[in-house]
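For reference, target_31.cif is printed below; it contains mmCIF, N, CA and C atoms.
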```cif
data_work
loop_
_atom_site.label_atom_id
_atom_site.label_comp_id
_atom_site.auth_asym_id
_atom_site.auth_seq_id
_atom_site.Cartn_x
_atom_site.Cartn_y
_atom_site.Cartn_z
N MET A 1 -13.44 23.44 -8.27
CA MET A 1 -14.56 22.98 -9.06
C MET A 1 -15.00 21.61 -8.54
N LYS A 2 -16.28 21.44 -8.37
CA LYS A 2 -16.81 20.16 -7.89
C LYS A 2 -17.11 19.25 -9.08
N TYR A 3 -16.62 18.03 -9.00
CA TYR A 3 -16.86 17.03 -10.04
C TYR A 3 -17.88 16.02 -9.55
N ASN A 4 -18.70 15.57 -10.46
CA ASN A 4 -19.67 14.51 -10.21
C ASN A 4 -19.39 13.39 -11.21
N PRO A 5 -19.75 12.15 -10.87
CA PRO A 5 -19.48 11.04 -11.78
C PRO A 5 -20.01 11.24 -13.20
N GLU A 6 -21.15 11.89 -13.32
CA GLU A 6 -21.73 12.08 -14.65
C GLU A 6 -21.08 13.22 -15.43
N ASP A 7 -20.16 13.96 -14.82
CA ASP A 7 -19.49 15.08 -15.50
C ASP A 7 -18.45 14.61 -16.51
N GLY A 8 -17.98 13.41 -16.39
CA GLY A 8 -16.88 12.97 -17.24
C GLY A 8 -17.14 11.64 -17.91
N ARG A 9 -16.11 11.18 -18.56
CA ARG A 9 -16.17 9.88 -19.24
C ARG A 9 -15.30 8.91 -18.47
N TRP A 10 -15.82 7.74 -18.20
CA TRP A 10 -15.15 6.70 -17.42
C TRP A 10 -14.93 5.50 -18.33
N VAL A 11 -13.69 5.04 -18.41
CA VAL A 11 -13.33 3.97 -19.33
C VAL A 11 -12.49 2.93 -18.59
N VAL A 12 -12.72 1.67 -18.91
CA VAL A 12 -11.86 0.59 -18.42
C VAL A 12 -10.97 0.20 -19.59
N SER A 13 -9.68 0.24 -19.39
CA SER A 13 -8.72 -0.11 -20.43
C SER A 13 -8.94 -1.55 -20.88
N SER A 14 -8.77 -1.77 -22.16
CA SER A 14 -8.89 -3.14 -22.69
C SER A 14 -7.77 -4.04 -22.15
N ASN A 15 -6.72 -3.45 -21.61
CA ASN A 15 -5.61 -4.21 -21.03
C ASN A 15 -5.81 -4.54 -19.55
N ALA A 16 -6.89 -4.06 -18.96
CA ALA A 16 -7.13 -4.24 -17.52
C ALA A 16 -7.69 -5.64 -17.25
N ARG A 17 -6.82 -6.61 -17.27
CA ARG A 17 -7.23 -8.00 -17.09
C ARG A 17 -7.87 -8.27 -15.73
N GLY A 18 -7.41 -7.58 -14.70
CA GLY A 18 -7.92 -7.81 -13.35
C GLY A 18 -9.36 -7.40 -13.17
N ILE A 19 -9.85 -6.46 -13.97
CA ILE A 19 -11.22 -5.98 -13.83
C ILE A 19 -12.22 -7.09 -14.16
N LYS A 20 -11.97 -7.84 -15.21
CA LYS A 20 -12.89 -8.92 -15.59
C LYS A 20 -13.00 -9.95 -14.47
N ASP A 21 -11.89 -10.30 -13.86
CA ASP A 21 -11.91 -11.26 -12.76
C ASP A 21 -12.75 -10.75 -11.59
N ILE A 22 -12.61 -9.47 -11.30
CA ILE A 22 -13.35 -8.88 -10.18
C ILE A 22 -14.84 -8.84 -10.51
N HIS A 23 -15.18 -8.49 -11.75
CA HIS A 23 -16.57 -8.48 -12.18
C HIS A 23 -17.18 -9.87 -12.04
N ASP A 24 -16.46 -10.87 -12.52
CA ASP A 24 -16.94 -12.26 -12.45
C ASP A 24 -17.14 -12.70 -11.00
N GLU A 25 -16.23 -12.29 -10.14
CA GLU A 25 -16.30 -12.69 -8.73
C GLU A 25 -17.47 -12.02 -8.01
N LEU A 26 -17.66 -10.72 -8.24
CA LEU A 26 -18.70 -9.98 -7.53
C LEU A 26 -20.09 -10.20 -8.10
N GLY A 27 -20.17 -10.42 -9.39
CA GLY A 27 -21.48 -10.46 -10.05
C GLY A 27 -21.90 -9.04 -10.41
N ASN A 28 -22.79 -8.93 -11.35
CA ASN A 28 -23.11 -7.62 -11.91
C ASN A 28 -23.66 -6.59 -10.91
N PRO A 29 -24.66 -6.92 -10.08
CA PRO A 29 -25.18 -5.87 -9.17
C PRO A 29 -24.12 -5.31 -8.21
N LYS A 30 -23.34 -6.19 -7.57
CA LYS A 30 -22.31 -5.72 -6.64
C LYS A 30 -21.21 -4.97 -7.37
N TYR A 31 -20.84 -5.47 -8.55
CA TYR A 31 -19.81 -4.79 -9.35
C TYR A 31 -20.27 -3.38 -9.70
N GLU A 32 -21.50 -3.22 -10.15
CA GLU A 32 -22.02 -1.90 -10.51
C GLU A 32 -22.06 -0.97 -9.30
N ASN A 33 -22.42 -1.49 -8.13
CA ASN A 33 -22.42 -0.68 -6.90
C ASN A 33 -21.01 -0.21 -6.56
N GLN A 34 -20.02 -1.10 -6.68
CA GLN A 34 -18.63 -0.73 -6.40
C GLN A 34 -18.13 0.29 -7.41
N LYS A 35 -18.49 0.11 -8.66
CA LYS A 35 -18.07 1.04 -9.71
C LYS A 35 -18.60 2.45 -9.41
N LYS A 36 -19.86 2.53 -9.02
CA LYS A 36 -20.46 3.83 -8.68
C LYS A 36 -19.76 4.46 -7.46
N ALA A 37 -19.46 3.64 -6.46
CA ALA A 37 -18.80 4.14 -5.25
C ALA A 37 -17.39 4.64 -5.56
N ILE A 38 -16.67 3.93 -6.42
CA ILE A 38 -15.31 4.35 -6.79
C ILE A 38 -15.36 5.68 -7.55
N LYS A 39 -16.31 5.81 -8.46
CA LYS A 39 -16.46 7.07 -9.21
C LYS A 39 -16.71 8.24 -8.26
N THR A 40 -17.62 8.04 -7.31
CA THR A 40 -17.95 9.10 -6.35
C THR A 40 -16.72 9.46 -5.51
N PHE A 41 -15.99 8.45 -5.06
CA PHE A 41 -14.79 8.67 -4.27
C PHE A 41 -13.75 9.46 -5.06
N LEU A 42 -13.49 9.04 -6.30
CA LEU A 42 -12.50 9.74 -7.13
C LEU A 42 -12.94 11.16 -7.45
N CYS A 43 -14.22 11.39 -7.66
CA CYS A 43 -14.69 12.75 -7.92
C CYS A 43 -14.43 13.66 -6.72
N GLY A 44 -14.53 13.13 -5.52
CA GLY A 44 -14.18 13.91 -4.33
C GLY A 44 -12.72 14.33 -4.36
N TYR A 45 -11.86 13.43 -4.78
CA TYR A 45 -10.43 13.74 -4.90
C TYR A 45 -10.19 14.76 -6.01
N PHE A 46 -10.81 14.56 -7.17
CA PHE A 46 -10.62 15.50 -8.28
C PHE A 46 -11.15 16.89 -7.94
N SER A 47 -12.18 16.96 -7.13
CA SER A 47 -12.77 18.24 -6.75
C SER A 47 -11.85 19.10 -5.90
N THR A 48 -10.84 18.49 -5.30
CA THR A 48 -9.90 19.27 -4.50
C THR A 48 -9.00 20.12 -5.39
N GLY A 49 -8.93 19.78 -6.68
CA GLY A 49 -8.10 20.53 -7.61
C GLY A 49 -6.63 20.14 -7.57
N GLU A 50 -6.29 19.17 -6.76
CA GLU A 50 -4.89 18.75 -6.61
C GLU A 50 -4.75 17.27 -6.92
N CYS A 51 -4.49 16.94 -8.14
CA CYS A 51 -4.27 15.53 -8.50
C CYS A 51 -2.79 15.18 -8.35
N ARG A 52 -2.07 15.97 -7.61
CA ARG A 52 -0.63 15.70 -7.44
C ARG A 52 -0.27 15.31 -6.02
N THR A 53 -1.24 15.31 -5.13
CA THR A 53 -0.94 15.04 -3.73
C THR A 53 -1.58 13.73 -3.28
N LYS A 54 -1.02 13.16 -2.23
CA LYS A 54 -1.59 11.95 -1.64
C LYS A 54 -2.88 12.31 -0.91
N GLN A 55 -3.75 11.33 -0.83
CA GLN A 55 -4.92 11.47 0.03
C GLN A 55 -4.88 10.33 1.02
N GLY A 56 -4.30 10.61 2.16
CA GLY A 56 -4.15 9.58 3.19
C GLY A 56 -3.47 8.35 2.63
N GLN A 57 -4.01 7.19 2.96
CA GLN A 57 -3.49 5.92 2.44
C GLN A 57 -4.27 5.45 1.22
N SER A 58 -5.24 6.25 0.77
CA SER A 58 -6.14 5.81 -0.29
C SER A 58 -5.67 6.11 -1.70
N ILE A 59 -5.07 7.27 -1.92
CA ILE A 59 -4.67 7.67 -3.27
C ILE A 59 -3.23 8.16 -3.25
N SER A 60 -2.44 7.59 -4.16
CA SER A 60 -1.04 8.00 -4.29
C SER A 60 -0.74 8.32 -5.74
N PRO A 61 -0.27 9.54 -6.03
CA PRO A 61 0.15 9.86 -7.40
C PRO A 61 1.35 9.00 -7.79
N LEU A 62 1.35 8.54 -9.05
CA LEU A 62 2.44 7.70 -9.55
C LEU A 62 3.31 8.42 -10.56
N GLY A 63 2.74 9.37 -11.27
CA GLY A 63 3.47 10.04 -12.34
C GLY A 63 2.51 10.49 -13.42
N ALA A 64 3.07 10.70 -14.61
CA ALA A 64 2.26 11.16 -15.73
C ALA A 64 2.49 10.29 -16.94
N THR A 65 1.50 10.25 -17.81
CA THR A 65 1.64 9.52 -19.06
C THR A 65 2.20 10.46 -20.12
N SER A 66 2.65 9.91 -21.22
CA SER A 66 3.17 10.73 -22.32
C SER A 66 2.08 11.57 -22.97
N LYS A 67 0.81 11.21 -22.73
CA LYS A 67 -0.32 11.94 -23.32
C LYS A 67 -0.93 12.93 -22.33
N GLY A 68 -0.26 13.16 -21.21
CA GLY A 68 -0.72 14.17 -20.25
C GLY A 68 -1.65 13.69 -19.17
N GLY A 69 -1.85 12.40 -19.05
CA GLY A 69 -2.70 11.88 -17.99
C GLY A 69 -1.94 11.80 -16.67
N LYS A 70 -2.66 11.91 -15.58
CA LYS A 70 -2.07 11.79 -14.25
C LYS A 70 -2.37 10.39 -13.72
N ALA A 71 -1.33 9.62 -13.46
CA ALA A 71 -1.49 8.24 -12.99
C ALA A 71 -1.58 8.22 -11.46
N LEU A 72 -2.52 7.43 -10.96
CA LEU A 72 -2.76 7.31 -9.52
C LEU A 72 -2.89 5.85 -9.14
N LYS A 73 -2.42 5.52 -7.95
CA LYS A 73 -2.70 4.20 -7.37
C LYS A 73 -3.77 4.42 -6.30
N VAL A 74 -4.88 3.72 -6.46
CA VAL A 74 -6.02 3.88 -5.56
C VAL A 74 -6.22 2.59 -4.79
N ARG A 75 -6.23 2.72 -3.48
CA ARG A 75 -6.49 1.56 -2.62
C ARG A 75 -7.99 1.52 -2.35
N TRP A 76 -8.60 0.35 -2.58
CA TRP A 76 -10.04 0.24 -2.45
C TRP A 76 -10.39 -1.04 -1.71
N ALA A 77 -11.22 -0.93 -0.69
CA ALA A 77 -11.66 -2.10 0.08
C ALA A 77 -12.99 -2.60 -0.48
N LEU A 78 -13.06 -3.88 -0.70
CA LEU A 78 -14.32 -4.48 -1.13
C LEU A 78 -15.12 -4.87 0.11
N PRO A 79 -16.44 -4.71 0.07
CA PRO A 79 -17.24 -5.05 1.24
C PRO A 79 -17.11 -6.53 1.61
N GLY A 80 -16.93 -6.76 2.90
CA GLY A 80 -16.82 -8.12 3.40
C GLY A 80 -15.49 -8.79 3.06
N GLY A 81 -14.55 -8.02 2.54
CA GLY A 81 -13.28 -8.60 2.12
C GLY A 81 -12.21 -8.62 3.17
N GLY A 82 -12.44 -7.97 4.30
CA GLY A 82 -11.41 -7.92 5.33
C GLY A 82 -10.18 -7.16 4.84
N LYS A 83 -9.11 -7.22 5.63
CA LYS A 83 -7.90 -6.47 5.29
C LYS A 83 -7.28 -6.92 3.98
N SER A 84 -7.32 -8.21 3.70
CA SER A 84 -6.65 -8.69 2.50
C SER A 84 -7.58 -8.75 1.28
N GLY A 85 -8.83 -8.35 1.46
CA GLY A 85 -9.80 -8.45 0.37
C GLY A 85 -9.93 -7.21 -0.49
N GLY A 86 -8.99 -6.30 -0.38
CA GLY A 86 -9.09 -5.06 -1.12
C GLY A 86 -8.43 -5.10 -2.48
N LEU A 87 -8.51 -3.98 -3.16
CA LEU A 87 -7.95 -3.83 -4.50
C LEU A 87 -6.93 -2.71 -4.54
N ARG A 88 -6.08 -2.77 -5.53
CA ARG A 88 -5.21 -1.66 -5.91
C ARG A 88 -5.57 -1.36 -7.36
N LEU A 89 -6.09 -0.19 -7.59
CA LEU A 89 -6.46 0.23 -8.94
C LEU A 89 -5.42 1.20 -9.47
N ILE A 90 -5.04 1.04 -10.71
CA ILE A 90 -4.19 2.01 -11.38
C ILE A 90 -5.13 2.82 -12.26
N VAL A 91 -5.19 4.11 -11.98
CA VAL A 91 -6.14 5.01 -12.62
C VAL A 91 -5.37 6.13 -13.31
N VAL A 92 -5.81 6.51 -14.50
CA VAL A 92 -5.22 7.64 -15.20
C VAL A 92 -6.32 8.68 -15.40
N ALA A 93 -6.06 9.91 -14.91
CA ALA A 93 -7.01 11.00 -15.03
C ALA A 93 -6.51 12.02 -16.05
N TYR A 94 -7.37 12.33 -17.00
CA TYR A 94 -7.11 13.39 -17.99
C TYR A 94 -8.03 14.53 -17.60
N CYS A 95 -7.50 15.46 -16.81
CA CYS A 95 -8.33 16.49 -16.19
C CYS A 95 -9.02 17.41 -17.19
N THR A 96 -8.31 17.88 -18.21
CA THR A 96 -8.93 18.81 -19.15
C THR A 96 -10.03 18.15 -19.97
N GLU A 97 -9.88 16.85 -20.26
CA GLU A 97 -10.90 16.13 -21.02
C GLU A 97 -11.98 15.54 -20.13
N LYS A 98 -11.79 15.63 -18.82
CA LYS A 98 -12.69 15.01 -17.85
C LYS A 98 -12.90 13.54 -18.19
N LYS A 99 -11.78 12.86 -18.34
CA LYS A 99 -11.80 11.44 -18.69
C LYS A 99 -10.96 10.68 -17.66
N VAL A 100 -11.46 9.54 -17.23
CA VAL A 100 -10.76 8.68 -16.27
C VAL A 100 -10.68 7.29 -16.88
N VAL A 101 -9.47 6.74 -16.88
CA VAL A 101 -9.25 5.39 -17.40
C VAL A 101 -8.79 4.50 -16.25
N ILE A 102 -9.51 3.41 -16.04
CA ILE A 102 -9.05 2.40 -15.09
C ILE A 102 -8.08 1.53 -15.89
N ALA A 103 -6.80 1.65 -15.56
CA ALA A 103 -5.76 0.97 -16.34
C ALA A 103 -5.59 -0.48 -15.93
N GLU A 104 -5.74 -0.77 -14.63
CA GLU A 104 -5.57 -2.14 -14.15
C GLU A 104 -6.07 -2.24 -12.72
N ALA A 105 -6.34 -3.46 -12.31
CA ALA A 105 -6.74 -3.75 -10.93
C ALA A 105 -5.95 -4.93 -10.43
N PHE A 106 -5.48 -4.83 -9.21
CA PHE A 106 -4.73 -5.90 -8.56
C PHE A 106 -5.40 -6.19 -7.23
N ARG A 107 -5.39 -7.44 -6.82
CA ARG A 107 -5.83 -7.79 -5.47
C ARG A 107 -4.78 -7.29 -4.50
N ARG A 108 -5.21 -6.94 -3.31
CA ARG A 108 -4.28 -6.41 -2.31
C ARG A 108 -3.15 -7.39 -2.04
N LYS A 109 -3.46 -8.66 -2.00
CA LYS A 109 -2.42 -9.66 -1.73
C LYS A 109 -1.39 -9.69 -2.85
N ASP A 110 -1.75 -9.18 -4.04
CA ASP A 110 -0.83 -9.11 -5.19
C ASP A 110 -0.41 -7.67 -5.43
N ASP A 111 -0.19 -6.92 -4.35
CA ASP A 111 0.15 -5.50 -4.44
C ASP A 111 1.20 -5.28 -5.53
N PRO A 112 0.89 -4.44 -6.52
CA PRO A 112 1.81 -4.29 -7.66
C PRO A 112 3.08 -3.53 -7.30
N SER A 113 4.15 -3.91 -7.97
CA SER A 113 5.42 -3.19 -7.83
C SER A 113 5.32 -1.88 -8.61
N ASP A 114 6.27 -1.00 -8.40
CA ASP A 114 6.30 0.26 -9.16
C ASP A 114 6.37 -0.02 -10.65
N GLU A 115 7.13 -1.03 -11.04
CA GLU A 115 7.27 -1.37 -12.45
C GLU A 115 5.94 -1.86 -13.03
N GLU A 116 5.20 -2.70 -12.29
CA GLU A 116 3.90 -3.19 -12.76
C GLU A 116 2.91 -2.04 -12.90
N CYS A 117 2.98 -1.07 -11.99
CA CYS A 117 2.11 0.10 -12.09
C CYS A 117 2.42 0.89 -13.36
N GLU A 118 3.71 1.12 -13.59
CA GLU A 118 4.11 1.89 -14.76
C GLU A 118 3.70 1.18 -16.05
N VAL A 119 3.88 -0.12 -16.12
CA VAL A 119 3.48 -0.88 -17.31
C VAL A 119 1.99 -0.71 -17.56
N ALA A 120 1.19 -0.66 -16.49
CA ALA A 120 -0.27 -0.54 -16.63
C ALA A 120 -0.68 0.80 -17.23
N TYR A 121 0.05 1.89 -16.92
CA TYR A 121 -0.41 3.20 -17.38
C TYR A 121 0.45 3.87 -18.44
N ARG A 122 1.63 3.39 -18.71
CA ARG A 122 2.56 4.16 -19.55
C ARG A 122 2.09 4.45 -20.96
N ASP A 123 1.29 3.57 -21.57
CA ASP A 123 0.85 3.79 -22.94
C ASP A 123 -0.51 4.45 -23.05
N LEU A 124 -1.08 4.86 -21.93
CA LEU A 124 -2.42 5.48 -21.96
C LEU A 124 -2.36 6.98 -22.12
#
```
Please express the file's structure as structure tokens.
Amino acid sequence: MKYNPEDGRWVVSSNARGIKDIHDELGNPKYENQKKAIKTFLCGYFSTGECRTKQGQSISPLGATSKGGKALKVRWALPGGGKSGGLRLIVVAYCTEKKVVIAEAFRRKDDPSDEECEVAYRDL
């Protein structure tokens, strides 16, 4: 099944402290462009029907939440950011509800540990 960004509901967790910093840094137009690009990229992954497998170096499954969501670590490069200017997003996908929650964002230089990833998604 092919997914499009408008097919589902996209939510930023109220606990995602890193998202506000990124929004403030990029400014609204660039932030909105990146948000749209991330949605399109993730829909390509969801359309494969396999939210359990890696996609190159970009998407790594982390586990599942107690509410049935699939947790993913998504590597994302920001334009003009160079190698160290990217992000690590912790994303939870609820496939049957077609809902995606951005649980947290980390700068690449602050690459999260497995424990930090789990803390970001475990209660979602």
Subject >> Computed interatomic separation between atom C of Gly49 (chain A) and atom N of Asn4 (chain A) (Å) >> reply: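 So the two atoms, atom C of Gly49 (chain A) and atom N of Asn4 (chain A), lie 13.2 Å apart.
CA of Asn28 (chain A) is found 22.2 Å from CA of Gly8 (chain A).
Remark: for Thr96 (chain A), the closest of the candidate residues A:Asp7, A:Arg17, A:Asp123, A:Ile22 is A:Asp7 (distances computed over only C-alpha atoms).
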**OP:** Check what the PyMOL selection byres ((chain A and resi 33-48) around 6) selects in the file above and give those residues as a PyMOL selection string.
**Re:** chain A and resi 1-5+28-32+49-50
**OP:** Report as a ChimeraX atom specification: the residues of region 17-97 of chain A with a DSSP assignment of strand (DSSP E), based on the backbone of this structure.
**Re:** /A:59-64,70-76,87-94
Subject >> Picked from chain A by DSSP as alpha helix (DSSP H), as a PyMOL selection string >> reply: chain A and resi 17-26+28-46+114-121
Could you put an axis-aligned box around every listed atom of region 107-117 of chain A, padded by 4 Å on each side, and send me its centre and edge lengths in Å to one decimal, as lines of an AutoDock Vina configuration file?
```
center_x = 0.7
center_y = -4.4
center_z = -7.5
size_x = 21.1
size_y = 18.6
size_z = 19.6
```
